[in-house]
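Q: Structure: run-v2.txt, compact mmCIF, C-alpha atoms.
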```
# COMPACT_ATOMS: atom_id res chain seq x y z
CA MET J 1 154.17 192.04 56.35
CA LEU J 2 154.97 188.99 54.24
CA GLY J 3 158.33 190.43 53.22
CA GLY J 4 159.22 191.04 56.87
CA ARG J 5 158.30 187.45 57.76
CA LEU J 6 160.53 186.11 54.98
CA CYS J 7 163.44 188.22 56.16
CA ASP J 8 162.96 186.95 59.70
CA ASP J 9 162.95 183.34 58.49
CA ARG J 10 166.17 183.83 56.55
CA SER J 11 167.77 185.41 59.61
CA VAL J 12 166.78 182.43 61.74
CA ASP J 13 168.06 180.00 59.09
CA SER J 14 171.36 181.88 58.87
CA SER J 15 171.74 181.78 62.65
CA ILE J 16 171.13 178.04 62.69
CA ASP J 17 173.62 177.53 59.85
CA ALA J 18 176.19 179.67 61.68
CA ALA J 19 175.84 177.45 64.75
CA LEU J 20 176.19 174.31 62.62
CA VAL J 21 179.24 175.76 60.86
CA SER J 22 180.86 176.50 64.21
CA ALA J 23 180.13 172.98 65.46
CA THR J 24 181.45 171.44 62.25
CA GLN J 25 184.67 173.44 62.46
CA SER J 26 185.06 172.00 65.95
CA GLY J 27 184.97 168.50 64.44
CA ASP J 28 181.27 167.64 64.86
CA SER J 29 180.47 165.32 61.93
CA ASP J 30 176.78 165.20 62.88
CA ALA J 31 176.55 168.97 62.50
CA PHE J 32 178.20 168.68 59.08
CA ALA J 33 175.63 166.07 58.02
CA VAL J 34 172.76 168.32 59.09
CA LEU J 35 174.32 171.28 57.29
CA VAL J 36 174.92 169.61 53.91
CA GLY J 37 172.11 167.04 53.96
CA PRO J 38 169.41 169.27 52.43
CA LEU J 39 171.74 170.16 49.53
CA GLN J 40 172.83 166.68 48.48
CA ARG J 41 170.01 165.97 46.01
CA GLU J 42 170.43 169.25 44.13
CA LEU J 43 174.21 168.82 44.11
CA HIS J 44 173.83 165.33 42.66
CA ALA J 45 171.47 166.57 39.94
CA TYR J 46 173.97 169.33 39.10
CA CYS J 47 176.81 166.83 38.80
CA TYR J 48 174.61 164.65 36.57
CA ARG J 49 173.86 167.57 34.26
CA MET J 50 177.57 168.36 34.09
CA LEU J 51 178.70 164.77 33.49
CA GLY J 52 175.74 162.99 31.88
CA SER J 53 176.23 159.98 34.13
CA VAL J 54 174.54 158.95 37.36
CA HIS J 55 177.57 156.91 38.38
CA ASP J 56 179.99 159.78 37.71
CA ALA J 57 177.64 162.08 39.62
CA ASP J 58 177.74 159.66 42.57
CA ASP J 59 181.54 159.83 42.57
CA ALA J 60 181.62 163.62 42.15
CA LEU J 61 179.18 164.16 45.01
CA GLN J 62 181.06 161.80 47.31
CA ASP J 63 184.36 163.54 46.51
CA THR J 64 182.72 166.92 47.08
CA LEU J 65 181.49 165.99 50.54
CA VAL J 66 184.82 164.44 51.55
CA ARG J 67 186.75 167.49 50.38
CA ALA J 68 184.28 169.84 52.04
CA TRP J 69 184.64 168.02 55.36
CA ARG J 70 188.43 168.09 55.18
CA ALA J 71 188.54 171.77 54.21
CA PHE J 72 185.84 173.01 56.56
CA GLY J 73 188.32 174.45 59.00
CA ARG J 74 189.26 177.02 56.35
CA PHE J 75 185.67 177.82 55.33
CA GLU J 76 184.61 181.45 55.86
CA PHE J 77 180.86 181.51 56.56
CA ARG J 78 179.01 184.31 54.73
CA GLY J 79 175.42 183.32 55.31
CA SER J 80 175.30 180.02 53.41
CA VAL J 81 177.45 177.00 52.61
CA ARG J 82 175.66 176.44 49.27
CA PRO J 83 177.92 178.55 46.97
CA TRP J 84 181.03 177.03 48.56
CA LEU J 85 179.77 173.45 48.06
CA TYR J 86 178.98 174.20 44.42
CA ARG J 87 182.49 175.58 43.98
CA ILE J 88 183.93 172.26 45.18
CA ALA J 89 181.44 170.21 43.13
CA THR J 90 182.23 172.22 39.99
CA ASN J 91 185.96 171.65 40.40
CA ARG J 92 185.40 167.91 40.83
CA CYS J 93 183.21 167.76 37.72
CA LEU J 94 185.73 169.72 35.64
CA SER J 95 188.49 167.36 36.77
CA ILE J 96 186.43 164.34 35.71
CA LEU J 97 185.67 165.94 32.34
CA ASP J 98 189.39 166.48 31.76
CA GLN J 99 189.87 162.71 31.97
CA ARG J 100 187.34 161.62 29.34
CA GLY J 101 185.27 162.70 26.35
CA ARG J 102 181.69 163.87 26.37
CA ARG J 103 178.76 161.53 26.79
CA ALA J 104 176.28 161.25 23.95
CA LEU J 105 173.14 159.59 22.65
CA PRO J 106 173.20 157.66 19.35
CA VAL J 107 171.32 160.46 17.57
CA ASP J 108 174.16 162.86 18.46
CA LEU J 109 176.55 160.82 16.32
CA ASP J 110 177.08 160.32 12.63
CA ARG J 111 174.90 157.43 11.45
CA SER J 112 177.96 155.69 9.99
CA VAL J 113 179.47 155.04 13.44
CA GLY J 114 180.25 151.32 13.72
CA SER J 115 178.86 148.99 16.35
CA ASP J 116 182.34 148.46 17.80
CA ALA J 117 182.91 152.16 18.50
CA GLN J 118 183.93 152.97 22.08
CA ILE J 119 181.54 155.66 23.27
CA ASP J 120 180.61 157.03 26.68
CA TRP J 121 176.82 157.00 26.65
CA LEU J 122 174.50 159.39 28.41
CA GLU J 123 172.67 157.68 31.28
CA PRO J 124 169.01 158.09 32.36
CA TYR J 125 168.29 159.87 35.63
CA PRO J 126 166.01 158.17 38.21
CA ALA J 127 162.97 160.20 39.21
CA ASP J 128 163.49 159.67 42.94
CA ARG J 129 166.96 161.27 42.84
CA LEU J 130 165.37 164.69 42.33
CA ASP J 131 164.54 166.80 45.36
CA PRO J 132 160.73 166.49 45.74
CA GLY J 133 160.46 170.19 46.52
CA GLN J 134 162.27 171.09 43.28
CA ARG J 135 160.97 168.32 41.02
CA LEU J 136 158.56 170.43 38.96
CA VAL J 137 161.06 173.27 38.61
CA ALA J 138 163.94 170.95 37.76
CA ARG J 139 162.20 168.72 35.22
CA GLU J 140 162.93 170.75 32.09
CA SER J 141 166.60 171.10 32.98
CA ILE J 142 166.95 167.36 33.62
CA GLU J 143 165.26 166.18 30.40
CA LEU J 144 167.39 164.03 28.09
CA ALA J 145 167.40 166.59 25.28
CA PHE J 146 168.70 169.33 27.56
CA VAL J 147 171.34 167.17 29.26
CA ALA J 148 172.50 165.80 25.88
CA ALA J 149 172.79 169.33 24.50
CA VAL J 150 174.76 170.46 27.55
CA GLN J 151 177.30 167.70 26.86
CA ARG J 152 178.27 169.50 23.64
CA LEU J 153 179.60 172.48 25.60
CA THR J 154 183.04 172.82 27.13
CA GLY J 155 183.27 172.04 30.82
CA THR J 156 183.46 175.70 31.83
CA GLN J 157 180.54 176.63 29.56
CA ARG J 158 178.46 173.87 31.16
CA ALA J 159 179.24 175.17 34.63
CA VAL J 160 178.45 178.78 33.75
CA LEU J 161 175.17 177.87 32.07
CA LEU J 162 173.97 175.57 34.84
CA LEU J 163 175.09 177.73 37.74
CA ARG J 164 173.56 180.89 36.26
CA GLU J 165 170.42 179.74 34.46
CA VAL J 166 169.41 176.53 36.23
CA LEU J 167 170.57 177.18 39.79
CA GLY J 168 170.19 180.95 39.87
CA PHE J 169 173.60 182.03 41.14
CA THR J 170 174.63 185.59 40.31
CA SER J 171 177.46 186.33 37.88
CA ARG J 172 179.56 187.48 40.83
CA GLU J 173 178.96 184.20 42.68
CA VAL J 174 179.79 182.13 39.59
CA ALA J 175 182.95 184.16 39.01
CA ASP J 176 184.04 183.38 42.56
CA GLN J 177 183.21 179.69 42.10
CA LEU J 178 185.27 179.48 38.90
CA ASP J 179 188.09 181.83 39.98
CA THR J 180 187.42 184.17 37.07
CA THR J 181 185.86 187.57 36.36
CA VAL J 182 182.23 188.63 36.01
CA ALA J 183 182.96 189.69 32.43
CA ALA J 184 184.32 186.22 31.63
CA VAL J 185 181.22 184.61 33.16
CA ASN J 186 178.84 186.79 31.12
CA SER J 187 180.80 186.15 27.94
CA GLY J 188 180.87 182.39 28.63
CA LEU J 189 177.13 182.40 29.22
CA GLN J 190 176.49 184.05 25.85
CA ARG J 191 178.67 181.48 24.06
CA ALA J 192 176.98 178.62 25.92
CA ARG J 193 173.51 179.87 24.95
CA ALA J 194 174.54 180.26 21.32
CA ALA J 195 175.90 176.72 21.19
CA LEU J 196 173.00 175.21 23.12
CA ASP J 197 169.98 176.67 21.30
CA PRO J 198 170.43 174.86 17.95
CA ALA J 199 170.80 171.51 19.74
CA LEU J 200 167.47 171.75 21.57
CA PRO J 201 164.04 170.80 20.18
CA ALA J 202 161.77 173.75 19.48
CA ALA J 203 160.19 174.79 22.78
CA THR J 204 156.90 175.51 21.02
CA GLN J 205 156.66 171.89 19.86
CA ARG J 206 157.92 170.03 22.94
CA VAL J 207 155.37 169.33 25.64
CA THR J 208 156.11 168.20 29.18
CA THR J 209 154.13 165.61 31.10
CA ARG J 210 153.10 168.40 33.46
CA GLN J 211 151.65 170.43 30.56
CA MET J 212 149.74 167.41 29.25
CA GLY J 213 148.20 166.63 32.61
CA GLU J 214 148.34 163.39 34.55
CA ALA J 215 145.22 161.87 32.99
CA ALA J 216 146.42 162.47 29.42
CA VAL J 217 149.86 161.04 30.16
CA LEU J 218 148.39 157.94 31.78
CA GLU J 219 146.12 157.37 28.80
CA LEU J 220 149.01 157.76 26.34
CA ALA J 221 151.10 155.39 28.45
CA ARG J 222 148.29 152.84 28.55
CA ARG J 223 147.78 152.93 24.77
CA TYR J 224 151.50 152.71 24.00
CA ALA J 225 152.16 149.84 26.41
CA GLN J 226 149.08 147.96 25.25
CA ALA J 227 150.16 148.32 21.61
CA TRP J 228 153.60 146.90 22.34
CA GLU J 229 152.23 144.02 24.37
CA ALA J 230 149.82 143.20 21.53
CA ALA J 231 152.55 143.67 18.85
CA ASP J 232 150.24 146.23 17.23
CA ILE J 233 152.66 147.94 14.87
CA ASP J 234 150.02 150.19 13.31
CA THR J 235 149.05 151.73 16.65
CA ILE J 236 152.69 152.14 17.74
CA VAL J 237 153.60 153.94 14.51
CA SER J 238 150.46 156.09 14.57
CA MET J 239 151.50 157.47 17.96
CA LEU J 240 154.85 158.67 16.57
CA THR J 241 155.53 162.04 14.94
CA ASN J 242 156.53 161.99 11.27
CA ASP J 243 160.16 162.75 12.19
CA ALA J 244 160.32 160.56 15.32
CA ARG J 245 163.68 159.06 16.35
CA TYR J 246 164.37 155.68 17.95
CA SER J 247 167.68 154.63 19.50
CA MET J 248 169.03 151.97 21.86
CA PRO J 249 172.31 152.88 23.57
CA PRO J 250 174.83 151.23 23.75
CA VAL J 251 173.91 150.26 20.16
CA PRO J 252 175.00 153.28 18.07
CA THR J 253 172.46 152.63 15.30
CA TRP J 254 169.37 154.81 15.30
CA PHE J 255 166.24 155.19 13.19
CA VAL J 256 164.30 158.26 12.09
CA GLY J 257 160.81 158.59 10.66
CA ARG J 258 157.80 156.34 10.90
CA GLN J 259 158.80 154.03 8.06
CA GLU J 260 162.34 153.37 9.32
CA ILE J 261 161.08 152.71 12.82
CA ARG J 262 158.28 150.49 11.53
CA ASP J 263 160.70 148.39 9.44
CA PHE J 264 163.09 148.04 12.38
CA LEU J 265 160.41 146.97 14.86
CA LEU J 266 159.02 144.42 12.43
CA SER J 267 162.52 143.05 11.74
CA GLY J 268 162.83 141.59 15.23
CA PRO J 269 161.71 143.45 18.36
CA LEU J 270 157.99 142.87 17.89
CA ALA J 271 158.56 139.14 17.42
CA CYS J 272 159.24 138.94 21.16
CA GLY J 273 156.63 138.95 23.90
CA TRP J 274 156.68 142.17 25.94
CA ARG J 275 155.36 143.63 29.17
CA PHE J 276 155.71 147.35 29.97
CA VAL J 277 155.78 149.00 33.41
CA THR J 278 155.13 152.75 33.43
CA THR J 279 157.66 154.88 35.31
CA GLU J 280 159.52 158.18 34.98
CA ALA J 281 163.12 159.12 34.15
CA ASN J 282 164.66 162.54 33.53
CA GLY J 283 161.27 164.05 34.35
CA GLN J 284 159.81 162.28 31.31
CA LEU J 285 157.39 159.43 30.70
CA ALA J 286 159.32 156.16 30.69
CA PHE J 287 158.75 152.41 30.67
CA GLY J 288 160.60 149.51 32.16
CA THR J 289 160.30 147.03 29.28
CA TYR J 290 160.42 143.28 29.89
CA ARG J 291 160.97 140.65 27.18
CA TRP J 292 159.75 137.08 27.49
CA ASP J 293 162.52 134.62 28.38
CA SER J 294 161.30 131.08 27.80
CA ALA J 295 164.30 129.55 29.59
CA ALA J 296 163.50 131.51 32.75
CA ALA J 297 159.74 131.26 32.18
CA ALA J 298 159.51 134.96 33.05
CA TYR J 299 159.77 138.42 31.54
CA ARG J 300 163.32 139.77 31.89
CA PRO J 301 164.51 143.41 31.56
CA GLY J 302 164.83 144.54 27.96
CA GLY J 303 165.51 148.24 28.41
CA LEU J 304 164.39 151.48 29.99
CA ASP J 305 162.47 153.42 27.32
CA VAL J 306 162.40 157.20 27.85
CA LEU J 307 159.90 159.08 25.68
CA THR J 308 160.01 162.68 24.46
CA LEU J 309 156.55 164.04 23.75
CA ARG J 310 155.42 166.70 21.32
CA ARG J 311 151.99 168.12 20.69
CA ASP J 312 151.64 165.90 17.61
CA GLY J 313 152.86 162.66 19.21
CA ILE J 314 155.91 160.78 20.50
CA ALA J 315 158.96 162.53 19.06
CA GLU J 316 161.68 160.25 20.40
CA VAL J 317 162.21 156.95 22.16
CA VAL J 318 165.57 156.25 23.77
CA SER J 319 165.75 152.65 24.96
CA PHE J 320 168.62 152.29 27.44
CA LEU J 321 169.40 148.60 27.05
CA GLU J 322 171.79 148.47 30.01
CA ALA J 323 169.80 150.61 32.45
CA ASP J 324 169.91 149.70 36.12
CA PHE J 325 166.28 148.71 36.75
CA ALA J 326 166.74 148.64 40.53
CA ALA J 327 167.94 152.27 40.50
CA HIS J 328 164.67 153.20 38.80
CA GLY J 329 162.53 151.27 41.26
CA LEU J 330 161.70 148.55 38.74
CA PRO J 331 161.43 144.84 39.58
CA PRO J 332 164.17 142.45 38.30
CA SER J 333 161.62 140.38 36.40
CA LEU J 334 157.91 139.87 35.84
CA PRO J 335 156.07 136.54 36.18
CA ALA J 336 154.44 134.84 33.22
```
Would you mind giving the structure from this file in structure tokens?
A:
Amino acid sequence: MLGGRLCDDRSVDSSIDAALVSATQSGDSDAFAVLVGPLQRELHAYCYRMLGSVHDADDALQDTLVRAWRAFGRFEFRGSVRPWLYRIATNRCLSILDQRGRRALPVDLDRSVGSDAQIDWLEPYPADRLDPGQRLVARESIELAFVAAVQRLTGTQRAVLLLREVLGFTSREVADQLDTTVAAVNSGLQRARAALDPALPAATQRVTTRQMGEAAVLELARRYAQAWEAADIDTIVSMLTNDARYSMPPVPTWFVGRQEIRDFLLSGPLACGWRFVTTEANGQLAFGTYRWDSAAAAYRPGGLDVLTLRRDGIAEVVSFLEADFAAHGLPPSLPA
């Protein structure tokens, strides 16, 4: 009975889409907006995973929609516009990747990289850009570690991996989207998996905020923020894993281990007054950090800190010093 109901719903949806496709091909821009609107968030998240940049994803999505509108007269409807839109989005992302190098985090680089090096940095992803209906499903594939690892793949390998394993397209659909063969898609997926696995933290050690539970995450956030605001170095360090990493893009320098991080924090950062606002980025616990500015008599943005959690503590802190606080729903300053 349930299966029959689901089939009926899909039939109704397909009929509605067919009517919208027909109206769009007659030049109805409102019909086009209704047709592609529900897919825009997932398309944007896909472009972000491909490119590692929210701003590049904005451009890729905009180009995708413009090109789709212009080419809609030639579109052959086969039950859904989704595979076709992903074909266009993939081509736009691959074109962008041809024009620049991969994005990275400081820990992806050799520690001897100088401070004047010109690097395209990975950007944090605002929580509200994810489709609410897919947020829990999408979190793991939007985490910083996963997106950073994906950036090590070739453009085509990224597309194959994301389209097959994150978005659930069949090998035949991906082959059509990339103008290649099913055999080439399956081979590319194997190579992508082989290259990706060593770059990812052990799944048995990593723990998501969903696995920890809301109460545990809030308590950890409270303790960590309180320790920073009190300049309590002992508590901060005790919450880190033994091999924790700390970085601050666009500064290429990074620190590993409790002692290195402790020495760095004591060398300057903890001499400032801080206020932390709990938020979320890339499906992970994050903080908008605000440093006291005596000239402004207020706390001004210091960085967006995104935390990676493991069962034994905080495994990594990436402090994005140039993050767009407004994009993450954070205030421009905090009062004294």
Q: If you count only C-alpha atoms, which residues fall within 12 Å of Phe276 of chain J, apart from same-chain ones fewer than 5 positions away, as a PDB file with C-alpha atoms, keeping the file's coordinate frame?
A:
```pdb
ATOM      1  CA  ALA J 221     151.100 155.390  28.450  1.00  0.00           C
ATOM      2  CA  ARG J 222     148.290 152.840  28.550  1.00  0.00           C
ATOM      3  CA  ARG J 223     147.780 152.930  24.770  1.00  0.00           C
ATOM      4  CA  TYR J 224     151.500 152.710  24.000  1.00  0.00           C
ATOM      5  CA  ALA J 225     152.160 149.840  26.410  1.00  0.00           C
ATOM      6  CA  GLN J 226     149.080 147.960  25.250  1.00  0.00           C
ATOM      7  CA  ALA J 227     150.160 148.320  21.610  1.00  0.00           C
ATOM      8  CA  TRP J 228     153.600 146.900  22.340  1.00  0.00           C
ATOM      9  CA  GLU J 229     152.230 144.020  24.370  1.00  0.00           C
ATOM     10  CA  ALA J 230     149.820 143.200  21.530  1.00  0.00           C
ATOM     11  CA  ALA J 286     159.320 156.160  30.690  1.00  0.00           C
ATOM     12  CA  PHE J 287     158.750 152.410  30.670  1.00  0.00           C
ATOM     13  CA  GLY J 288     160.600 149.510  32.160  1.00  0.00           C
ATOM     14  CA  THR J 289     160.300 147.030  29.280  1.00  0.00           C
ATOM     15  CA  TYR J 290     160.420 143.280  29.890  1.00  0.00           C
ATOM     16  CA  ARG J 291     160.970 140.650  27.180  1.00  0.00           C
ATOM     17  CA  TRP J 292     159.750 137.080  27.490  1.00  0.00           C
ATOM     18  CA  TYR J 299     159.770 138.420  31.540  1.00  0.00           C
ATOM     19  CA  ARG J 300     163.320 139.770  31.890  1.00  0.00           C
ATOM     20  CA  PRO J 301     164.510 143.410  31.560  1.00  0.00           C
ATOM     21  CA  GLY J 302     164.830 144.540  27.960  1.00  0.00           C
ATOM     22  CA  GLY J 303     165.510 148.240  28.410  1.00  0.00           C
ATOM     23  CA  LEU J 304     164.390 151.480  29.990  1.00  0.00           C
ATOM     24  CA  ASP J 305     162.470 153.420  27.320  1.00  0.00           C
ATOM     25  CA  LEU J 330     161.700 148.550  38.740  1.00  0.00           C
ATOM     26  CA  PRO J 331     161.430 144.840  39.580  1.00  0.00           C
ATOM     27  CA  SER J 333     161.620 140.380  36.400  1.00  0.00           C
ATOM     28  CA  LEU J 334     157.910 139.870  35.840  1.00  0.00           C
TER      29      LEU J 334
END
```
Q: Residues near Leu39 of chain J, anyone? I mean within 12 Å using all atoms listed in the file, not counting same-chain ones fewer than 6 positions away, as number ranges by chain.
A: J: 32-33, 45-46, 61, 64-65, 80-86, 89, 130-131, 133-134
Q: Mind giving me the straight-line distance from atom CA of Ala184 of chain J to atom CA of Cys93 of chain J in Å, one decimal?
A: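 Atom CA of Cys93 of chain J lies 19.5 Å from atom CA of Ala184 of chain J.
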Q: For Asn186 of chain J, list every protein, DNA or RNA residue within 10 Å, evaluated using all atoms listed in the file, and leave out those in the same chain fewer than 3 positions away; present the list as a list in words.
A: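 With the cut-off at 10 Å, the set is Val160, Leu161, Arg164, Ser171, Arg172, Val174, Ala175, Thr181, Val182, Ala183, Leu189, Gln190, Arg191 and Ala192 of chain J.
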Q: How would the residues just chosen look if you wrote them out with C-alpha atoms as a compact mmCIF listing (two decimals), keeping the file's coordinate frame?
A:
```txt
# COMPACT_ATOMS: atom_id res chain seq x y z
CA VAL J 160 178.45 178.78 33.75
CA LEU J 161 175.17 177.87 32.07
CA ARG J 164 173.56 180.89 36.26
CA SER J 171 177.46 186.33 37.88
CA ARG J 172 179.56 187.48 40.83
CA VAL J 174 179.79 182.13 39.59
CA ALA J 175 182.95 184.16 39.01
CA THR J 181 185.86 187.57 36.36
CA VAL J 182 182.23 188.63 36.01
CA ALA J 183 182.96 189.69 32.43
CA LEU J 189 177.13 182.40 29.22
CA GLN J 190 176.49 184.05 25.85
CA ARG J 191 178.67 181.48 24.06
CA ALA J 192 176.98 178.62 25.92
```
Q: How far is it from atom CA of Met50 of chain J to atom CA of Ala199 of chain J, in Å with one decimal?
A: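 If I compute the distance from atom CA of Met50 of chain J to atom CA of Ala199 of chain J, I get 16.2 Å.
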Q: Calculated over all atoms listed in the file, which of the candidates J:Glu219, J:Asp324, J:Glu316, J:Glu76 has the smallest distance to Val107 of chain J?
A: J:Glu316
Q: Box along x, y and z, 5 Å on every side, all listed atoms of segment 263-269 of chain J inside: centre and edge lengths in Å to one decimal, as lines of an AutoDock Vina configuration file.
A:
```
center_x = 161.1
center_y = 145.0
center_z = 13.9
size_x = 14.1
size_y = 16.8
size_z = 18.9
```
Q: Can you tell me, as a PyMOL selection string, what residues are no more than 12 Å from segment 257-266 of chain J when counting all atoms listed in the file, ignoring any on the same chain fewer than 2 positions away?
A: chain J and resi 228+231-248+253-255+268-272+313-317
Q: Tell me, in Å to one decimal, how far atom CA of Val36 of chain J is from atom CA of Asp58 of chain J.
A: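 Pair atom CA of Val36 of chain J / atom CA of Asp58 of chain J returns 15.3 Å.
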Q: Tell me, counting only C-alpha atoms, for each residue of segment 59-167 of chain J within 9 Å of segment 15-23 of chain J, which pair of atoms is nearest and how far apart they are in Å to one decimal, in rows ordered by chain and increasing number, as a Markdown table.
A:
```
| residue | atom | partner | partner_atom | distance |
| --- | --- | --- | --- | --- |
| J:Phe72 | CA | J:Val21 | CA | 8.3 |
| J:Phe75 | CA | J:Val21 | CA | 8.7 |
| J:Phe77 | CA | J:Ala18 | CA | 7.2 |
| J:Arg78 | CA | J:Ala18 | CA | 8.8 |
| J:Gly79 | CA | J:Ala18 | CA | 7.4 |
| J:Ser80 | CA | J:Asp17 | CA | 7.1 |
| J:Val81 | CA | J:Asp17 | CA | 8.2 |
```
